[in-house]
Structure formats: structure tokens, C-alpha cells
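Asker: Handing you a structure now.
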Amino acid sequence: MLGLGAAARIAILLTQGARERLEFERLAASLGHLENVNPDHFDLSDNWKRVAHRLIDWQNSLTRQLRERQAGYQKLELGQRLAEAAQRRAEAVINSFSDAVVVTNSFGDLVLANPEAERLFQFSLDNARGQPVRDLIRQEAFVGLIEKSLEHPDDARRHTQEIALENHNKTRWCKVTASRLLDAAGDTAGTVTVLRDITSEKATQARSAEFVSAVSHEIKMPLASVKAYAEMLADGEAEGDPETQQKFLSIIETQTDRMARMLDGMLDLARIESGVVRAEKKPISLNEVIEGAVKLMQPTAAEKNITLQTQLSSLYIAVEADADMLSRVALNLVSNSIKYTDPGGCVVLRSRLLQERALLEVEDSGRGIPAEAMDKLFQKFYRVKENAGMAHGSGLGLSLVKHIVEELHAGRISVESEVGKGSVFRVELPLKGGVVESGDG
Ligand code: ADP
């Protein structure tokens with residue numbers, strides 16, 4: 001049995017233990033959310049206080065680590081979001097370009113490409129991203145330019161070259177500029193390559209070179225002939241022979257006329273093509289245009305014993321056109337028909353309606369045009385070899401006619417022809433407001 005003193009001590013101890021446990025529990029309850037709890041303010045023994053201090057230190061250290069991690073994650077997420085936003089911005093910028101753009105990393109793998117580049121090289125960015133451009137794009141000159149930018153980091157940062165891209169037997173000329181991208185440390189990070197389609201510029205260059213060479217060729221011959229005969233006259237080769245002198249002078253005159261005609265034709269064409277002479281459009285009657293042309297050309301046709309007829313629509317066909325220009329079209333076509341039809345032949349001018357379009361037809365019973373000449377007929381200076389002997393000409397008339405009809409009046413010109421039988425030139429024009437008013441015709 002325990003003595004009373006001992007029991008009291010145990011009771012005191014027990015009471016003391018229970019109280020301390022309660023106090024400790026109170027302290028523990030605060031630990032979860034209070035960092036600055038001070039165990040010294042609790043009624044605890046030193047041992048418990050030490051335990052509490054350790055626990056608090058431990059918890060504080062855990063909390064700190066947790067916060068640091070959270071901040072790290074937030075930073076990482078923010079960085080990722082910023083990178084994604086930057087990528088989206090870069091994509092939006094290059095997608096808005098009308099030029100094709102291809103972006104690679106420093107290994108030459110595809111990173112980005114805009115829809116123009118996808119179309120040009122026929123790949124889809126979603127499937128192609130990350131692939132080496134050399135495997136993806138089989139255009140040696142293009143890939144070579146990108147590799148040159150990547151492999152020679154000491155060279156200029158930008159390389160430009162005009163490259164012909166062959167695709168399905170079609171050539172597209174592009175001005176390609178490959179620029180090296182640098183990272184913050186100044187090392188090569190990749191390339192951005194921009195391809196500007198210059199196919200039409202190249203075609204214009206080729207056309208003007210062709211034009212200059214055609215003009216020089218056309219002028220050279222008459223000029224040489226004028227020079228030769230003028231020299232012969234100057235050297236007295238026809239002295240005392242008025243008939244030969246007259247012959248030489250007549251050749252000089254014919255050749256000079258030919259050059260003047262050609263220059264006139266070129267000036268006309270240049271003025272109309274360049275827009276110096278503008279189309280003054282107003283509603284005009286197609287039949288009136290045809291009647292005007294026939295009246296003017298009747299004497300020439302009669303001189304050559306060619307019958308000039310009209311077959312006009314009984315409807316009033318109104319077209320929105322420049323009256324002078326449309327007259328030129330009709331005159332050019334009738335004049336050609338008369339020029340390339342033998343005496344005794346016939347030329348008919350017709351007006352009619354064809355599926356909401358006004359139609360002007362000039363049909364002749366002339367020499368006709370060989371099939372192989374058809375697609376060159378409207379080119380500048382082109383003359384059909386077989387018919388050239390029939391009349392003088394510059395080979396510019398049909399080119400002017402086509403420009404007036406198709407470029408200035410949204411119409412269309414076509415031709416059907418059979419050698420030895422004749423030709424039909426057909427001009428389609430939009431109707432004025434798409435309506436036909438009835439009238440005397
Ligand atoms: P040109 O001044 O030589 O007549 P064009 O441009 O008007 O030039 O015509 C080009 C060529 O087309 C002519 O040289 C001619 O050979 C041919 N041509 C044009 N119209 C006719 C036609 N009605 N019949 C036969 N050949 C034609």
C-alpha cells in the first residue's frame with residue numbers, strides 16, 4: 001500500500017501530467033496554423049518546451065520549403081505560359097504574312113511554318129514539326145541556303161537568293177532570304193526563311209526582254225533596207241537612171257512607212273496598256289459601233305472586191321464601253337478580215353446575244369489561220385508566216401484588241417479558223433446592267 005504522502009505525490013504528479021498534457025494539446029492545436037507560437041508562453045516543463053520548440057522549427061522549415069516549391073512552380077508555370085504566348089504571337093505574326101515563312105532550330109529541324117509555306121511545299125505543320133527540313137522539302141537550293149546560314153555562323157547573318165522551285169512541272173520563282181537567329185548568348189538558335197513569290201515579276205522581265213528584242217528585230221530590217229538604198233543613191237549607183245532612182249526611193253518610202261506604222265502601233269498599245277489613255281465607259285449600242293466600222297471600211301473592201309455585210313440583232317444591245325475603243329476593236333477585226341481575204345471573198349459583221357452576253361462576230365472567207373498559230377495570234381509582233389505576204393502589218397493589232405476587250409471591258413475574245421476556208425473572230429462583252437432593252441435595232 002502506498003503511504004498517504006506517496007499517493008498525494010502521485011496524485012499531484014498525475015494532476016500535473018494531465019494538466020501539462022492539456023496544455024501541450026492546446027499548444028499543438030495552435031501549431032497547425034500559427035508559425036509564431038512561442039512554447040515559452042505555455043505552462044510546460046522544460047522538456048516539453050524543447051520538444052515543442054523542435055516541432056515548431058520543423059514545421060516552420062516544412063512550411064518554408066513548401067512555399068519555396070510553390071513559388072518555383074508558379075514561376076515555372078508563368079514561364080511556360082509566357083513561352084506559349086510568345087510562340088502563339090510568333091505564329092500569329094508569321095501566319096499573317098503573304099510570303100511563305102519557314103522557321104528551323106539550330107539543327108535544321110522544322111519549328112514553325114505558315115500556311116503559305118505549307119501550301120508551297122505541301123506539308124502539314126502538325127505532322128512535319130520537328131522533322132529535318134532536308135527530309136521534308138526536296139528543293140536542294142532552298143535547303144542549301146538554310147544549311148549555309150546554319151553552318152557558317154561567321155558569315156553574314158542573312159543570305160538571299162532567287163530560286164526556281166519546281167512543282168508538278170510548274171516553276172515558281174521565289175526570292176528566298178534565310179536569316180540566322182541568335183539566342184541571348186549570341187549562339188545560333190535557328191533560321192527564319194522568307195520566300196517571296198516573284199514568278200510574275202520574272203515573267204514581266206522576260207516579256208519586256210522579249211519585247212525589246214522583238215522591236216529591235218522588227219525595226220532592224222526596214223532600217224537596214226532604208227540605209228542600203230539611201231547609200232546606193234548617195235553613191236550614185238542610180239545616177240542617170242530615173243526609173244531605178246524612183247524604185248529606190250519607193251522602197252525607202254515603203255520601209256519608212258512600215259517603221260512609222262510599227263511605232264504608231266507600239267505607242268497606241270503602250271498608252272492604252274499603261275492606262276495613259278483611259279476607257280471612258282458609257283452605255284452604247286453595239287449595232288451602232290458595227291455600222292460605223294462598216295461605213296469606214298466599205299471603200300477599202302470595195303477596192304479589193306470584197307463584199308462587206310452586216311447581220312445585226314433586231315434587239316437594242318447596249319454595252320457599257322468606251323465608244324472609241326470599241327470602234328477600234330471592230331475596225332481592227334474588219335481590216336484584218338479584208339487584208340487576209342482574197343478578192344471576191346466576203347466579210348460579215350454580226351451582233352447577237354449569247355447567254356446574257358453581247359456578241360460581236362467578224363467572219364470572213366479568207367485564208368484562215370493554221371492551228372499551230374492560234375495560241376500566238378494575240379502576242380505582240382506575231383504575224384502568221386503564211387499570210388504575211390498578203391498585207392503589211394505590225395503584228396500589234398490583235399494584241400491591242402485583246403487588251404481593250406479583256407482587260408478594259410471584262411470581255412473575252414476568241415477565234416475559230418480553218419485554213420483555206422476563213423476565220424471567225426468573236427468578242428463577248430457584258431451587257432449594260434445585264435439587261436436588253438427592245439428597240440428598233
Ligand atoms: P497585223 O498588223 O499583222 O495584221 P494583227 O495583230 O492584227 O497584226 O494580226 C496578227 C496576225 O494574225 C496577222 O499578221 C495575220 O497573219 C493573222 N490574222 C489576223 N486576222 C486574220 C484573219 N482574219 N485571217 C487570217 N489571218 C489573220
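Naming scheme: A, B, ... for chains in displayed order of the C-alpha cells; residues 1 onward per chain; ligands 1 onward as shown.
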As a ChimeraX atom specification, please: the residues near A:Leu359 (cut-off 9 Å, only C-alpha atoms, same-chain neighbours under 6 positions excluded).
Answerer: /A:286,350-353,426-430
Asker: Against stretch 170-176 of chain A, which residues of stretch 64-108 of chain A fall within 12 Å? For each one I want the closest pair of atoms and the distance in Å (one decimal), counting only C-alpha atoms, rows by chain and increasing residue number, as JSON lines.
Answerer:
{"residue": "A:Asp99", "atom": "CA", "partner": "A:Cys174", "partner_atom": "CA", "distance": 9.6}
{"residue": "A:Ala100", "atom": "CA", "partner": "A:Val176", "partner_atom": "CA", "distance": 9.4}
{"residue": "A:Val101", "atom": "CA", "partner": "A:Val176", "partner_atom": "CA", "distance": 9.6}
{"residue": "A:Val102", "atom": "CA", "partner": "A:Val176", "partner_atom": "CA", "distance": 10.5}
Asker: Would you mind exporting the chosen residues as an mmCIF file, in the first residue's frame, restricted to all heavy atoms?
Answerer:
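Resulting contents of part29.cif:
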data_model
loop_
_atom_site.group_PDB
_atom_site.id
_atom_site.type_symbol
_atom_site.label_atom_id
_atom_site.label_comp_id
_atom_site.auth_asym_id
_atom_site.auth_seq_id
_atom_site.Cartn_x
_atom_site.Cartn_y
_atom_site.Cartn_z
ATOM 1 N N ASP A 99 3.894 36.129 -97.635
ATOM 2 C CA ASP A 99 5.047 35.345 -98.100
ATOM 3 C C ASP A 99 5.117 34.054 -97.289
ATOM 4 O O ASP A 99 4.640 34.010 -96.160
ATOM 5 C CB ASP A 99 6.341 36.132 -97.866
ATOM 6 C CG ASP A 99 6.399 37.396 -98.703
ATOM 7 O OD1 ASP A 99 5.667 37.468 -99.696
ATOM 8 O OD2 ASP A 99 7.179 38.298 -98.356
ATOM 9 N N ALA A 100 5.741 33.035 -97.873
ATOM 10 C CA ALA A 100 5.909 31.778 -97.130
ATOM 11 C C ALA A 100 7.050 31.956 -96.127
ATOM 12 O O ALA A 100 8.060 32.588 -96.445
ATOM 13 C CB ALA A 100 6.223 30.644 -98.094
ATOM 14 N N VAL A 101 6.851 31.436 -94.894
ATOM 15 C CA VAL A 101 7.889 31.560 -93.864
ATOM 16 C C VAL A 101 8.146 30.184 -93.242
ATOM 17 O O VAL A 101 7.211 29.465 -92.897
ATOM 18 C CB VAL A 101 7.455 32.540 -92.736
ATOM 19 C CG1 VAL A 101 8.567 32.708 -91.710
ATOM 20 C CG2 VAL A 101 7.082 33.896 -93.302
ATOM 21 N N VAL A 102 9.433 29.829 -93.140
ATOM 22 C CA VAL A 102 9.820 28.545 -92.541
ATOM 23 C C VAL A 102 10.830 28.842 -91.432
ATOM 24 O O VAL A 102 11.807 29.547 -91.660
ATOM 25 C CB VAL A 102 10.462 27.629 -93.616
ATOM 26 C CG1 VAL A 102 11.035 26.374 -92.978
ATOM 27 C CG2 VAL A 102 9.445 27.261 -94.684
#
Asker: When DSSP is applied to the backbone of this structure, which of stretch 259-318 of chain A are assigned strand (DSSP E or B)? Write them out as number ranges by chain.
Answerer: A: 282-285, 307-311, 316, 318
Asker: How close does each residue of chain A get to ligand 1, giving the shortest atom pair and distance in Å to one decimal for every residue with an atom at most 7 Å away, counting only C-alpha atoms and all ligand atoms, sorted by chain and residue number, as a Markdown table?
Answerer:
| residue | atom | partner | partner_atom_place_in_ligand_line | distance |
| --- | --- | --- | --- | --- |
| A:Asn332 | CA | ligand 1 | 7 (O) | 6.6 |
| A:Leu333 | CA | ligand 1 | 20 (N) | 6.7 |
| A:Asn336 | CA | ligand 1 | 20 (N) | 4.6 |
| A:Ser337 | CA | ligand 1 | 23 (N) | 3.8 |
| A:Tyr340 | CA | ligand 1 | 24 (N) | 4.8 |
| A:Thr341 | CA | ligand 1 | 24 (N) | 6.7 |
| A:Asp364 | CA | ligand 1 | 23 (N) | 6.4 |
| A:Gly366 | CA | ligand 1 | 24 (N) | 5.7 |
| A:Arg367 | CA | ligand 1 | 25 (C) | 5.5 |
| A:Gly368 | CA | ligand 1 | 25 (C) | 4.5 |
| A:Ile369 | CA | ligand 1 | 25 (C) | 5.2 |
| A:Leu377 | CA | ligand 1 | 12 (O) | 5.4 |
| A:Phe378 | CA | ligand 1 | 6 (O) | 6.2 |
| A:Lys380 | CA | ligand 1 | 6 (O) | 6.9 |
| A:Phe381 | CA | ligand 1 | 6 (O) | 6.7 |
| A:Tyr382 | CA | ligand 1 | 10 (C) | 5.6 |
| A:Arg383 | CA | ligand 1 | 14 (O) | 3.4 |
| A:Val384 | CA | ligand 1 | 16 (O) | 3.6 |
| A:Lys385 | CA | ligand 1 | 16 (O) | 6.5 |
| A:Asn387 | CA | ligand 1 | 16 (O) | 4.8 |
| A:Ala388 | CA | ligand 1 | 16 (O) | 5.5 |
| A:His392 | CA | ligand 1 | 3 (O) | 6.6 |
| A:Gly393 | CA | ligand 1 | 2 (O) | 3.2 |
| A:Ser394 | CA | ligand 1 | 2 (O) | 4.0 |
| A:Gly395 | CA | ligand 1 | 8 (O) | 3.1 |
| A:Leu396 | CA | ligand 1 | 6 (O) | 4.2 |
| A:Gly397 | CA | ligand 1 | 7 (O) | 3.7 |
| A:Leu398 | CA | ligand 1 | 6 (O) | 3.7 |
| A:Ser399 | CA | ligand 1 | 6 (O) | 5.7 |
| A:Gly422 | CA | ligand 1 | 24 (N) | 6.5 |
| A:Ser423 | CA | ligand 1 | 23 (N) | 5.6 |
Asker: Please produce a file of those selected residues containing C-alpha atoms, as a PDB file, in the first residue's frame.
Answerer:
ATOM      1  CA  ASN A 332      -9.112  46.205-136.454  1.00  0.00           C
ATOM      2  CA  LEU A 333     -11.026  42.969-136.917  1.00  0.00           C
ATOM      3  CA  ASN A 336      -7.710  42.158-140.803  1.00  0.00           C
ATOM      4  CA  SER A 337     -10.529  40.218-142.445  1.00  0.00           C
ATOM      5  CA  TYR A 340      -6.312  38.384-145.247  1.00  0.00           C
ATOM      6  CA  THR A 341      -9.174  37.575-147.639  1.00  0.00           C
ATOM      7  CA  ASP A 364     -14.520  36.124-143.365  1.00  0.00           C
ATOM      8  CA  GLY A 366     -10.244  34.424-146.125  1.00  0.00           C
ATOM      9  CA  ARG A 367      -7.017  32.457-145.927  1.00  0.00           C
ATOM     10  CA  GLY A 368      -7.628  31.185-142.419  1.00  0.00           C
ATOM     11  CA  ILE A 369      -5.112  30.670-139.639  1.00  0.00           C
ATOM     12  CA  LEU A 377      -2.077  35.112-132.518  1.00  0.00           C
ATOM     13  CA  PHE A 378      -2.625  37.744-129.815  1.00  0.00           C
ATOM     14  CA  LYS A 380       2.828  41.354-129.770  1.00  0.00           C
ATOM     15  CA  PHE A 381       4.520  41.357-133.199  1.00  0.00           C
ATOM     16  CA  TYR A 382       3.248  37.918-134.055  1.00  0.00           C
ATOM     17  CA  ARG A 383       2.324  37.565-137.728  1.00  0.00           C
ATOM     18  CA  VAL A 384       1.244  34.336-139.387  1.00  0.00           C
ATOM     19  CA  LYS A 385       4.075  33.450-141.752  1.00  0.00           C
ATOM     20  CA  ASN A 387      -0.382  35.199-144.535  1.00  0.00           C
ATOM     21  CA  ALA A 388       2.338  37.833-144.075  1.00  0.00           C
ATOM     22  CA  HIS A 392       1.546  44.977-144.477  1.00  0.00           C
ATOM     23  CA  GLY A 393       1.161  44.808-140.759  1.00  0.00           C
ATOM     24  CA  SER A 394       2.940  45.222-137.452  1.00  0.00           C
ATOM     25  CA  GLY A 395       1.560  42.223-135.588  1.00  0.00           C
ATOM     26  CA  LEU A 396       0.302  44.585-132.861  1.00  0.00           C
ATOM     27  CA  GLY A 397      -3.372  44.977-133.831  1.00  0.00           C
ATOM     28  CA  LEU A 398      -4.756  41.823-132.224  1.00  0.00           C
ATOM     29  CA  SER A 399      -2.685  42.384-129.111  1.00  0.00           C
ATOM     30  CA  GLY A 422     -11.855  31.545-143.376  1.00  0.00           C
ATOM     31  CA  SER A 423     -11.998  32.765-139.799  1.00  0.00           C
TER      32      SER A 423
END
Asker: What is the atom CA of A:Arg54 to atom CA of A:Arg67 distance in Å?
Answerer: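 Taking atom CA of A:Arg54 and atom CA of A:Arg67, their separation equals 19.8 Å.
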Asker: Considering only C-alpha atoms, return as a list of chain:residue names whatever protein or nucleic-acid residues lie within 7 Å of A:Lys339, sequence-local ones (same chain, fewer than 3 positions apart) excluded.
Answerer: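 Counting only the stated atoms, we get A:Ser335, A:Asn336, A:Met390, A:Ala391.
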Asker: Could you write out that same residue set with N, CA, C and O atoms as a tab-separated table (two decimals), in the first residue's frame?
Answerer:
chain	number	residue	atom	x	y	z
A	335	SER	N	-10.65	45.18	-140.66
A	335	SER	CA	-9.49	45.48	-141.51
A	335	SER	C	-8.65	44.21	-141.72
A	335	SER	O	-8.21	43.93	-142.84
A	336	ASN	N	-8.45	43.43	-140.65
A	336	ASN	CA	-7.71	42.16	-140.80
A	336	ASN	C	-8.44	41.23	-141.76
A	336	ASN	O	-7.82	40.60	-142.62
A	390	MET	N	0.36	38.76	-147.73
A	390	MET	CA	-0.90	39.32	-148.24
A	390	MET	C	-1.06	40.80	-147.95
A	390	MET	O	-1.77	41.50	-148.67
A	391	ALA	N	-0.46	41.25	-146.84
A	391	ALA	CA	-0.66	42.66	-146.46
A	391	ALA	C	0.43	43.11	-145.51
A	391	ALA	O	1.08	42.28	-144.87
Asker: Fewer than 5 positions away in the same chain doesn't count, so skip those; otherwise give me all residues within 9 Å of A:Val111, counting only C-alpha atoms, as number ranges by chain.
Answerer: A: 102-105, 125, 128-131, 190
Asker: Next, dump the selected residues to file, keeping only N, CA, C and O atoms, as a CSV table (one decimal), in the first residue's frame.
Answerer:
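Output below, filename part_7.csv:
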chain,number,residue,atom,x,y,z
A,102,VAL,N,9.4,29.8,-93.1
A,102,VAL,CA,9.8,28.5,-92.5
A,102,VAL,C,10.8,28.8,-91.4
A,102,VAL,O,11.8,29.5,-91.7
A,103,VAL,N,10.6,28.3,-90.2
A,103,VAL,CA,11.5,28.5,-89.1
A,103,VAL,C,12.1,27.2,-88.7
A,103,VAL,O,11.4,26.2,-88.5
A,104,THR,N,13.4,27.2,-88.5
A,104,THR,CA,14.0,25.9,-88.1
A,104,THR,C,14.8,26.2,-86.8
A,104,THR,O,15.1,27.3,-86.4
A,105,ASN,N,15.2,25.1,-86.1
A,105,ASN,CA,16.1,25.2,-84.9
A,105,ASN,C,17.5,25.1,-85.4
A,105,ASN,O,17.7,25.0,-86.7
A,125,LEU,N,2.0,21.4,-91.0
A,125,LEU,CA,2.9,21.7,-89.9
A,125,LEU,C,2.8,20.7,-88.7
A,125,LEU,O,3.7,20.3,-88.1
A,128,ALA,N,4.6,17.7,-89.6
A,128,ALA,CA,6.0,17.9,-90.0
A,128,ALA,C,6.9,18.5,-89.0
A,128,ALA,O,8.1,18.5,-89.1
A,129,ARG,N,6.3,19.1,-87.9
A,129,ARG,CA,7.1,19.8,-86.9
A,129,ARG,C,8.2,18.8,-86.3
A,129,ARG,O,7.9,17.7,-86.0
A,130,GLY,N,9.4,19.3,-86.2
A,130,GLY,CA,10.5,18.5,-85.6
A,130,GLY,C,11.2,17.7,-86.7
A,130,GLY,O,12.3,17.2,-86.4
A,131,GLN,N,10.7,17.6,-87.9
A,131,GLN,CA,11.5,16.9,-88.9
A,131,GLN,C,12.5,17.7,-89.5
A,131,GLN,O,12.4,18.9,-89.7
A,190,GLY,N,18.7,29.1,-84.7
A,190,GLY,CA,17.9,28.6,-85.8
A,190,GLY,C,17.9,29.5,-86.9
A,190,GLY,O,18.8,30.4,-87.0
Asker: Identify, with DSSP run on backbone atoms, the residues in stretch 261-357 of chain A assigned to alpha helix (DSSP H), and express the list as number ranges by chain.
Answerer: A: 261-273, 286-303, 323-339
Asker: Can you write out the residues you just picked, keeping N, CA and C atoms, as a CSV table (one decimal), in the first residue's frame?
Answerer:
chain,number,residue,atom,x,y,z
A,261,ARG,N,4.4,52.9,-139.0
A,261,ARG,CA,3.2,52.2,-138.6
A,261,ARG,C,3.5,51.4,-137.3
A,262,MET,N,4.7,50.8,-137.3
A,262,MET,CA,5.0,50.0,-136.2
A,262,MET,C,5.1,50.8,-134.9
A,263,LEU,N,5.8,52.0,-135.1
A,263,LEU,CA,5.9,52.9,-133.9
A,263,LEU,C,4.6,53.4,-133.4
A,264,ASP,N,3.7,53.7,-134.4
A,264,ASP,CA,2.4,54.2,-134.0
A,264,ASP,C,1.6,53.1,-133.2
A,265,GLY,N,1.7,51.9,-133.7
A,265,GLY,CA,1.1,50.8,-133.1
A,265,GLY,C,1.6,50.6,-131.7
A,266,MET,N,2.9,50.7,-131.6
A,266,MET,CA,3.6,50.5,-130.2
A,266,MET,C,3.1,51.6,-129.3
A,267,LEU,N,3.1,52.8,-129.8
A,267,LEU,CA,2.7,53.9,-128.9
A,267,LEU,C,1.3,53.8,-128.4
A,268,ASP,N,0.4,53.4,-129.4
A,268,ASP,CA,-1.0,53.2,-129.1
A,268,ASP,C,-1.1,52.1,-128.0
A,269,LEU,N,-0.5,51.0,-128.2
A,269,LEU,CA,-0.6,49.9,-127.3
A,269,LEU,C,0.0,50.3,-125.9
A,270,ALA,N,1.1,51.0,-125.9
A,270,ALA,CA,1.8,51.4,-124.6
A,270,ALA,C,0.8,52.4,-123.9
A,271,ARG,N,0.2,53.3,-124.6
A,271,ARG,CA,-0.6,54.3,-124.0
A,271,ARG,C,-1.8,53.6,-123.4
A,272,ILE,N,-2.4,52.7,-124.1
A,272,ILE,CA,-3.6,52.0,-123.6
A,272,ILE,C,-3.3,51.0,-122.5
A,273,GLU,N,-2.2,50.3,-122.7
A,273,GLU,CA,-1.8,49.3,-121.7
A,273,GLU,C,-1.4,49.9,-120.4
A,286,LEU,N,-24.3,48.4,-129.5
A,286,LEU,CA,-23.3,47.6,-130.3
A,286,LEU,C,-23.5,47.7,-131.8
A,287,ASN,N,-24.8,47.7,-132.2
A,287,ASN,CA,-25.1,47.8,-133.6
A,287,ASN,C,-24.6,49.1,-134.2
A,288,GLU,N,-24.6,50.2,-133.4
A,288,GLU,CA,-24.1,51.5,-134.0
A,288,GLU,C,-22.6,51.4,-134.2
A,289,VAL,N,-21.9,50.7,-133.3
A,289,VAL,CA,-20.4,50.6,-133.4
A,289,VAL,C,-20.1,49.8,-134.7
A,290,ILE,N,-20.9,48.7,-134.9
A,290,ILE,CA,-20.6,47.9,-136.1
A,290,ILE,C,-20.9,48.7,-137.4
A,291,GLU,N,-22.1,49.4,-137.4
A,291,GLU,CA,-22.4,50.2,-138.6
A,291,GLU,C,-21.4,51.3,-138.9
A,292,GLY,N,-20.8,51.9,-137.8
A,292,GLY,CA,-19.8,52.9,-138.0
A,292,GLY,C,-18.5,52.3,-138.7
A,293,ALA,N,-18.1,51.1,-138.2
A,293,ALA,CA,-16.9,50.4,-138.7
A,293,ALA,C,-17.1,50.0,-140.2
A,294,VAL,N,-18.3,49.5,-140.5
A,294,VAL,CA,-18.6,49.1,-141.9
A,294,VAL,C,-18.6,50.3,-142.8
A,295,LYS,N,-19.1,51.4,-142.4
A,295,LYS,CA,-19.1,52.6,-143.2
A,295,LYS,C,-17.7,53.1,-143.5
A,296,LEU,N,-16.8,53.0,-142.5
A,296,LEU,CA,-15.4,53.4,-142.7
A,296,LEU,C,-14.7,52.5,-143.6
A,297,MET,N,-14.9,51.2,-143.5
A,297,MET,CA,-14.1,50.2,-144.2
A,297,MET,C,-14.7,49.8,-145.6
A,298,GLN,N,-15.9,50.3,-145.8
A,298,GLN,CA,-16.6,49.9,-147.1
A,298,GLN,C,-15.7,50.2,-148.3
A,299,PRO,N,-15.1,51.4,-148.4
A,299,PRO,CA,-14.3,51.7,-149.6
A,299,PRO,C,-13.1,50.8,-149.7
A,300,THR,N,-12.4,50.4,-148.6
A,300,THR,CA,-11.3,49.5,-148.7
A,300,THR,C,-11.7,48.2,-149.2
A,301,ALA,N,-12.9,47.7,-148.7
A,301,ALA,CA,-13.4,46.4,-149.1
A,301,ALA,C,-13.7,46.4,-150.6
A,302,ALA,N,-14.4,47.5,-151.0
A,302,ALA,CA,-14.8,47.6,-152.4
A,302,ALA,C,-13.6,47.6,-153.3
A,303,GLU,N,-12.5,48.3,-152.9
A,303,GLU,CA,-11.3,48.4,-153.7
A,303,GLU,C,-10.7,47.0,-153.9
A,323,ALA,N,-16.6,54.1,-126.4
A,323,ALA,CA,-17.1,54.1,-127.8
A,323,ALA,C,-15.9,54.0,-128.8
A,324,ASP,N,-14.9,54.9,-128.5
A,324,ASP,CA,-13.7,54.9,-129.4
A,324,ASP,C,-13.0,53.6,-129.4
A,325,MET,N,-12.8,53.1,-128.2
A,325,MET,CA,-12.0,51.8,-128.1
A,325,MET,C,-12.8,50.7,-128.8
A,326,LEU,N,-14.1,50.6,-128.5
A,326,LEU,CA,-14.8,49.5,-129.1
A,326,LEU,C,-14.8,49.6,-130.7
A,327,SER,N,-14.9,50.9,-131.2
A,327,SER,CA,-14.8,51.1,-132.6
A,327,SER,C,-13.4,50.6,-133.1
A,328,ARG,N,-12.4,50.8,-132.4
A,328,ARG,CA,-11.1,50.4,-132.8
A,328,ARG,C,-11.0,48.9,-132.9
A,329,VAL,N,-11.7,48.2,-131.9
A,329,VAL,CA,-11.8,46.7,-131.9
A,329,VAL,C,-12.4,46.3,-133.2
A,330,ALA,N,-13.6,46.9,-133.5
A,330,ALA,CA,-14.4,46.4,-134.7
A,330,ALA,C,-13.6,46.7,-136.0
A,331,LEU,N,-13.0,47.9,-136.0
A,331,LEU,CA,-12.2,48.3,-137.2
A,331,LEU,C,-11.0,47.4,-137.4
A,332,ASN,N,-10.3,47.1,-136.4
A,332,ASN,CA,-9.1,46.2,-136.5
A,332,ASN,C,-9.5,44.9,-137.0
A,333,LEU,N,-10.6,44.3,-136.5
A,333,LEU,CA,-11.0,43.0,-136.9
A,333,LEU,C,-11.5,43.0,-138.4
A,334,VAL,N,-12.3,44.0,-138.8
A,334,VAL,CA,-12.7,44.1,-140.2
A,334,VAL,C,-11.5,44.3,-141.1
A,335,SER,N,-10.6,45.2,-140.7
A,335,SER,CA,-9.5,45.5,-141.5
A,335,SER,C,-8.6,44.2,-141.7
A,336,ASN,N,-8.4,43.4,-140.7
A,336,ASN,CA,-7.7,42.2,-140.8
A,336,ASN,C,-8.4,41.2,-141.8
A,337,SER,N,-9.8,41.1,-141.6
A,337,SER,CA,-10.5,40.2,-142.4
A,337,SER,C,-10.4,40.6,-143.9
A,338,ILE,N,-10.4,41.9,-144.2
A,338,ILE,CA,-10.3,42.4,-145.6
A,338,ILE,C,-8.8,42.1,-146.0
A,339,LYS,N,-7.8,42.4,-145.1
A,339,LYS,CA,-6.4,42.2,-145.5
A,339,LYS,C,-6.1,40.7,-145.9
Asker: Show which residues sit within 12 Å of A:Glu116, as a ChimeraX atom specification. Count only C-alpha atoms, and ignore same-chain residues fewer than 4 positions away.
Answerer: /A:94-102,112,120-125,194-197
